[in-house]
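All remarks here apply to the structure that follows.
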Amino acid sequence: MKLRYKITNGILIFVAVALSSLALVLSHNSDCGPAPAVSDETVLMKAIVYRCYGSPDVLKFEDIEKPTPADDEVLVKVHAASVNPLDWHYMRGSPYIMRFGTGLGAPNDASMGVDFAGTVEAVGENVKQFKRGDEVFGGRGGAFAEYVTVPEDRALVLKPSNMTFEQAASVPIAAITALQALRDKGKIEPGQKVLINGASGGVGTFAVQIAKSFGAEVTGVCSTRNVEMVRSIGADHVIDYKQEDYTTSGQRYDLIIDNVGNHSLLANKRVLNSNGILVIVGGSKGNWLGPLMRPINALILSPFVDQEFVLLLAKMRKDDLAILGDLMQAGKMTPVIDRRYHLSEVPEAIRYSEEGHARGKIIIALE
Ligand SMILES: NC(=O)c1ccc[n+]([C@@H]2O[C@H](COP(=O)([O-])OP(=O)(O)OC[C@H]3O[C@@H](n4cnc5c(N)ncnc54)[C@H](OP(=O)(O)O)[C@@H]3O)[C@@H](O)[C@H]2O)c1
């Protein structure tokens, strides 16, 4: 058994190195290139685009063609968008292995951003669920723009009436991640002791509130300056990681949602109950193998421990967005908003996100 897992580990590392090397070699052909020409009749909109991988300097604020909805699509005028670490992973094409999906030499798709909220401006002729004037939120590539088109059956739902556009735009990636980590991977149950490592960030602030809505006893881990905020969103206990290491606290948990990945799997195991679950959400940074090592180690260790180590790859789902909308409408989840930037300031917003100390969500305001 041990040998089999060692071989699997070796093969995975070899494949990852080989594919990443190829991606890097091909990436040297990157060409940022000029903006494509548009005719005088083209209707334009403002948007953030990138034509090569790199730092926030590759992001350009440009006039591009305004999209037209297909028969099954909705055209949304974006009022607010929000930033996620995913955006800068796309911008940098990092870890390199992701370039097999996003484009080897340069990004296949120049558009940026995913989370948005806005008003339906037009609908395709087959659209049944939405009408002009509806206030909506959702997730769709190209959200850092004045307009975005979304197929009606994809991640698009009505905005709760008690939420602003900025609050609704905070939700899609971060709150879906928190929900799927707690419910699908963590199998959360009422009364369980749940620890959220990285409780003050985008995912963490939603995870604390969603875990409370499931009836769990929640411990949030954050730095000194965020202790009061994490308590204010419902955490029963808060551990200041600058003062205390949760893996040596002597407490035990049924479920740990790890948004940071700064403690080893074995250190986490030490504070998990015998049938406890660790959900790996965020982890090591790096262009090469760094981000893969934690999931690989979890795979190797799993057969030898009672606890479960599971990796989350969140999926943007319409039904989960609707559940999150209901939680907000019921007053059980209120987004925490950190800083606001204008659309033209997306490079600064991404720089701030890359520092890794956002306090809740970073908003791009288009109004
Ligand atoms: N697996 C998936 O499907 C999935 C989906 C979405 C996101 N993610 C990943 O999940 C991670 C979190 O995403 P996010 O949107 O929440 O990021 P974020 O908004 O940038 O939040 C980062 C948070 O981490 C906290 N932090 C930094 N060092 C810490 C430490 N040593 N201990 C505890 N907290 C610490 C920071 O708080 P302080 O300022 O207090 O240090 C900050 O609030 C990212 O790595 C992201 O890529 C994964």
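We name chains A, B, ... following the order of the structure tokens; residues begin at 1 in each chain, and ligands are numbered from 1 as shown.
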Shell of 7 Å around ligand 1 (only C-alpha atoms and all ligand atoms), written as number ranges by chain | A: 84-86, 173-174, 177, 197-204, 221-226, 241, 259-260, 262, 280-283, 311-314, 353-354, 356-361
Keeping only N, CA, C and O atoms, write the selected residues as a compact mmCIF listing (two decimals), in the first residue's frame.
```txt
# COMPACT_ATOMS: atom_id res chain seq x y z
N ASN A 84 -11.19 38.40 -6.43
CA ASN A 84 -10.83 37.15 -5.74
C ASN A 84 -9.39 36.79 -6.09
O ASN A 84 -8.90 37.17 -7.17
N PRO A 85 -8.72 36.00 -5.23
CA PRO A 85 -7.38 35.54 -5.60
C PRO A 85 -7.36 34.86 -6.98
O PRO A 85 -6.38 34.96 -7.71
N LEU A 86 -8.48 34.23 -7.37
CA LEU A 86 -8.56 33.60 -8.69
C LEU A 86 -8.19 34.58 -9.81
O LEU A 86 -7.55 34.21 -10.80
N ILE A 173 -17.92 33.87 -5.85
CA ILE A 173 -16.84 32.88 -5.66
C ILE A 173 -16.60 32.59 -4.18
O ILE A 173 -16.57 31.43 -3.74
N ALA A 174 -16.45 33.65 -3.37
CA ALA A 174 -16.05 33.44 -1.97
C ALA A 174 -17.11 32.70 -1.17
O ALA A 174 -16.80 31.76 -0.43
N THR A 177 -17.58 29.09 -2.34
CA THR A 177 -16.46 28.29 -1.82
C THR A 177 -16.73 27.90 -0.37
O THR A 177 -16.58 26.74 0.03
N ASN A 197 -9.76 28.65 9.54
CA ASN A 197 -8.44 29.29 9.51
C ASN A 197 -8.43 30.29 8.35
O ASN A 197 -8.69 29.93 7.20
N GLY A 198 -8.16 31.57 8.67
CA GLY A 198 -8.29 32.63 7.66
C GLY A 198 -9.72 33.13 7.67
O GLY A 198 -10.36 33.27 6.63
N ALA A 199 -10.22 33.43 8.90
CA ALA A 199 -11.64 33.78 9.06
C ALA A 199 -11.95 35.21 8.62
O ALA A 199 -13.12 35.57 8.48
N SER A 200 -10.92 36.03 8.40
CA SER A 200 -11.18 37.45 8.11
C SER A 200 -11.14 37.79 6.63
O SER A 200 -11.42 38.92 6.25
N GLY A 201 -10.82 36.83 5.76
CA GLY A 201 -10.74 37.11 4.33
C GLY A 201 -12.09 36.92 3.64
O GLY A 201 -13.13 36.74 4.29
N GLY A 202 -12.06 36.95 2.31
CA GLY A 202 -13.30 36.81 1.54
C GLY A 202 -14.03 35.51 1.88
O GLY A 202 -15.19 35.51 2.29
N VAL A 203 -13.34 34.38 1.72
CA VAL A 203 -13.97 33.08 1.99
C VAL A 203 -14.29 32.96 3.48
O VAL A 203 -15.39 32.53 3.87
N GLY A 204 -13.35 33.38 4.33
CA GLY A 204 -13.50 33.19 5.77
C GLY A 204 -14.69 33.93 6.37
O GLY A 204 -15.42 33.37 7.20
N VAL A 221 -9.96 32.00 13.10
CA VAL A 221 -8.54 32.33 13.31
C VAL A 221 -8.19 33.52 12.41
O VAL A 221 -8.41 33.46 11.19
N CYS A 222 -7.67 34.58 13.01
CA CYS A 222 -7.31 35.79 12.24
C CYS A 222 -6.25 36.56 13.01
O CYS A 222 -5.87 36.16 14.11
N SER A 223 -5.80 37.67 12.43
CA SER A 223 -4.77 38.47 13.12
C SER A 223 -5.44 39.44 14.10
O SER A 223 -6.65 39.67 14.04
N THR A 224 -4.61 40.05 14.95
CA THR A 224 -5.10 40.91 16.04
C THR A 224 -6.10 41.96 15.54
O THR A 224 -7.16 42.14 16.13
N ARG A 225 -5.78 42.63 14.43
CA ARG A 225 -6.62 43.75 14.00
C ARG A 225 -8.01 43.30 13.55
O ARG A 225 -8.92 44.11 13.43
N ASN A 226 -8.18 41.99 13.29
CA ASN A 226 -9.48 41.51 12.80
C ASN A 226 -10.30 40.75 13.84
O ASN A 226 -11.40 40.29 13.53
N TYR A 241 -3.95 34.68 15.59
CA TYR A 241 -2.79 33.84 15.24
C TYR A 241 -1.45 34.49 15.56
O TYR A 241 -0.41 33.84 15.55
N ASN A 259 -8.27 28.01 4.91
CA ASN A 259 -8.12 28.94 3.79
C ASN A 259 -6.69 29.42 3.63
O ASN A 259 -6.40 30.20 2.72
N VAL A 260 -5.79 28.99 4.52
CA VAL A 260 -4.45 29.57 4.53
C VAL A 260 -3.35 28.55 4.21
O VAL A 260 -2.45 28.84 3.43
N ASN A 262 -1.10 27.25 6.35
CA ASN A 262 0.18 27.57 6.99
C ASN A 262 0.58 26.58 8.08
O ASN A 262 1.57 26.78 8.76
N ILE A 280 -9.23 21.42 2.62
CA ILE A 280 -8.15 22.27 2.12
C ILE A 280 -8.75 23.21 1.06
O ILE A 280 -9.16 22.78 -0.01
N VAL A 281 -8.81 24.50 1.41
CA VAL A 281 -9.38 25.49 0.48
C VAL A 281 -8.26 26.31 -0.16
O VAL A 281 -8.15 26.41 -1.37
N GLY A 282 -7.44 26.93 0.67
CA GLY A 282 -6.31 27.71 0.16
C GLY A 282 -5.02 27.04 0.59
O GLY A 282 -5.03 26.18 1.46
N GLY A 283 -3.94 27.42 -0.05
CA GLY A 283 -2.70 26.74 0.32
C GLY A 283 -1.48 27.46 -0.14
O GLY A 283 -1.52 28.67 -0.40
N LEU A 311 -9.70 17.96 -0.50
CA LEU A 311 -9.40 19.18 -1.27
C LEU A 311 -10.70 19.71 -1.87
O LEU A 311 -11.48 18.93 -2.43
N LEU A 312 -10.90 21.01 -1.77
CA LEU A 312 -12.08 21.60 -2.41
C LEU A 312 -11.68 22.28 -3.72
O LEU A 312 -10.71 23.02 -3.77
N LEU A 313 -12.42 22.01 -4.78
CA LEU A 313 -12.34 22.82 -6.00
C LEU A 313 -13.75 23.34 -6.23
O LEU A 313 -14.61 22.61 -6.73
N ALA A 314 -13.99 24.55 -5.80
CA ALA A 314 -15.36 25.08 -5.80
C ALA A 314 -15.90 25.20 -7.23
O ALA A 314 -15.15 25.47 -8.16
N SER A 353 -5.12 42.75 -3.23
CA SER A 353 -5.54 41.36 -2.99
C SER A 353 -4.33 40.44 -2.88
O SER A 353 -4.28 39.55 -2.04
N GLU A 354 -3.33 40.70 -3.74
CA GLU A 354 -2.13 39.83 -3.75
C GLU A 354 -1.35 39.92 -2.45
O GLU A 354 -0.58 39.01 -2.13
N GLY A 356 -2.56 39.53 0.36
CA GLY A 356 -3.08 38.42 1.18
C GLY A 356 -3.67 38.83 2.51
O GLY A 356 -3.82 37.99 3.39
N HIS A 357 -4.03 40.11 2.66
CA HIS A 357 -4.58 40.53 3.96
C HIS A 357 -5.88 41.32 3.78
O HIS A 357 -6.17 42.23 4.56
N ALA A 358 -6.67 40.95 2.77
CA ALA A 358 -7.97 41.61 2.61
C ALA A 358 -8.80 41.33 3.85
O ALA A 358 -8.71 40.27 4.46
N ARG A 359 -9.62 42.31 4.20
CA ARG A 359 -10.50 42.19 5.37
C ARG A 359 -11.92 42.09 4.84
O ARG A 359 -12.57 43.09 4.64
N GLY A 360 -12.36 40.88 4.51
CA GLY A 360 -13.61 40.71 3.78
C GLY A 360 -13.33 40.87 2.30
O GLY A 360 -12.27 40.47 1.80
N LYS A 361 -14.25 41.53 1.58
CA LYS A 361 -14.16 41.57 0.12
C LYS A 361 -13.70 42.93 -0.43
O LYS A 361 -13.99 43.98 0.12
```
Contact residues around A:Val271 with only C-alpha atoms at 10 Å, ignoring same-chain residues under 4 positions, as a list in words |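 The residues that qualify are Leu195, Tyr246, Thr247, Thr248, Ser249, Gly250, Gln251, Arg252, Tyr253, Asp254, Leu255, Ile256, Leu266, Ala267 and Gly276 of chain A.
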May I ask which of the residues A:Met98, A:Met229, A:Asn275, A:Ser82 is the closest one to A:Arg340, counting only C-alpha atoms?
-> A:Ser82
Per DSSP on the backbone, what are the strand (DSSP E or B) residues of stretch 132-238 of chain A, as a ChimeraX atom specification?
-> /A:135-139,145,147-151,156-158,193-197,217-222,237-238
All residues 10 Å or closer to A:His79, only C-alpha atoms, same chain fewer than 3 positions away omitted, as a PyMOL selection string | chain A and resi 76+116-119+135+137+145-147+164-166+169+364-367
What is the distance between atom CA of A:Gly215 and atom CA of A:Val336, in Å to one decimal?
->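 Distance between the two atoms: 20.5 Å.
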Close residues, A:Pro151 itself excluded, 10 Å, only C-alpha atoms, min 5 positions apart in chain, as a CSV table (one decimal) with N, CA and C atoms, in the first residue's frame:
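Writing the result to around.csv gives the following:
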```csv
chain,number,residue,atom,x,y,z
A,69,PRO,N,-26.4,40.0,-26.4
A,69,PRO,CA,-26.9,38.7,-25.8
A,69,PRO,C,-27.3,37.8,-26.9
A,70,ALA,N,-26.9,36.5,-26.9
A,70,ALA,CA,-27.5,35.4,-27.8
A,70,ALA,C,-28.9,35.1,-27.3
A,71,ASP,N,-29.6,34.2,-28.1
A,71,ASP,CA,-31.0,34.0,-27.8
A,71,ASP,C,-31.3,33.5,-26.3
A,72,ASP,N,-30.3,32.7,-25.8
A,72,ASP,CA,-30.5,32.2,-24.4
A,72,ASP,C,-29.7,33.0,-23.4
A,73,GLU,N,-29.3,34.2,-23.7
A,73,GLU,CA,-28.4,35.0,-22.8
A,73,GLU,C,-29.1,36.3,-22.3
A,74,VAL,N,-28.6,36.7,-21.2
A,74,VAL,CA,-29.0,38.0,-20.5
A,74,VAL,C,-27.9,39.0,-20.6
A,75,LEU,N,-28.2,40.2,-21.0
A,75,LEU,CA,-27.2,41.3,-20.9
A,75,LEU,C,-27.3,42.1,-19.7
A,123,VAL,N,-32.6,41.0,-22.9
A,123,VAL,CA,-32.6,39.5,-22.8
A,123,VAL,C,-32.8,38.9,-24.2
A,124,GLY,N,-32.2,37.7,-24.5
A,124,GLY,CA,-32.3,37.1,-25.8
A,124,GLY,C,-33.8,36.6,-25.9
A,127,VAL,N,-35.1,33.7,-23.6
A,127,VAL,CA,-34.9,33.8,-22.1
A,127,VAL,C,-36.3,33.9,-21.4
A,140,ARG,N,-19.4,35.3,-13.9
A,140,ARG,CA,-19.2,35.1,-15.3
A,140,ARG,C,-17.9,35.7,-15.7
A,156,LEU,N,-26.5,32.9,-12.4
A,156,LEU,CA,-27.2,34.2,-12.4
A,156,LEU,C,-28.5,34.0,-11.7
```
Can you tell me how far atom CA of A:Ala81 sits from atom CA of A:Phe144, in Å to one decimal?
->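 Distance between the two atoms: 6.5 Å.
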Extract, using only C-alpha atoms, all DNA, RNA and protein residues at most 8 Å from A:Ala110, discarding same-chain residues fewer than 6 positions from it, and format them as a PyMOL selection string.
-> chain A and resi 49-51
Got a sec: who's within 12 Å of A:Ser232, counting only C-alpha atoms, leaving out chain neighbours fewer than 3 positions off, as a list in words?
-> Ala199, Ser200, Thr205, Val208, Gln209, Gly220, Asn226, Val227, Glu228, Met229, Ala235, Asp236, His237, Val238, Met333, Thr334 and Val336 of chain A
At what distance in Å, to one decimal, does atom CA of A:Asp109 lie from atom CA of A:Ala35?
->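 Computing the Euclidean distance for atom CA of A:Ala35 and atom CA of A:Asp109 yields 12.9 Å.
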Selected residue, from A:Asp306, A:Asp258, A:Asp40, A:Glu62, that lies nearest to A:Ala178 when counting only C-alpha atoms |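 Under the stated criterion, the closest residue is A:Asp258.
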Find, counting only C-alpha atoms, the residue in A:Val218, A:Ile323, A:Ile210, A:Ile64 that gets nearest to A:Val43.
->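 Result for the nearest residue to A:Val43: A:Ile64.
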For A:Ala211, the nearest of the candidates A:Lys159, A:Lys77, A:Lys128, A:Arg183, counting only C-alpha atoms = A:Arg183
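With distances restricted to only C-alpha atoms, A:Gly103 is the closest residue to A:Tyr53 from A:Gly133, A:Pro303, A:Gly103, A:Gly261.
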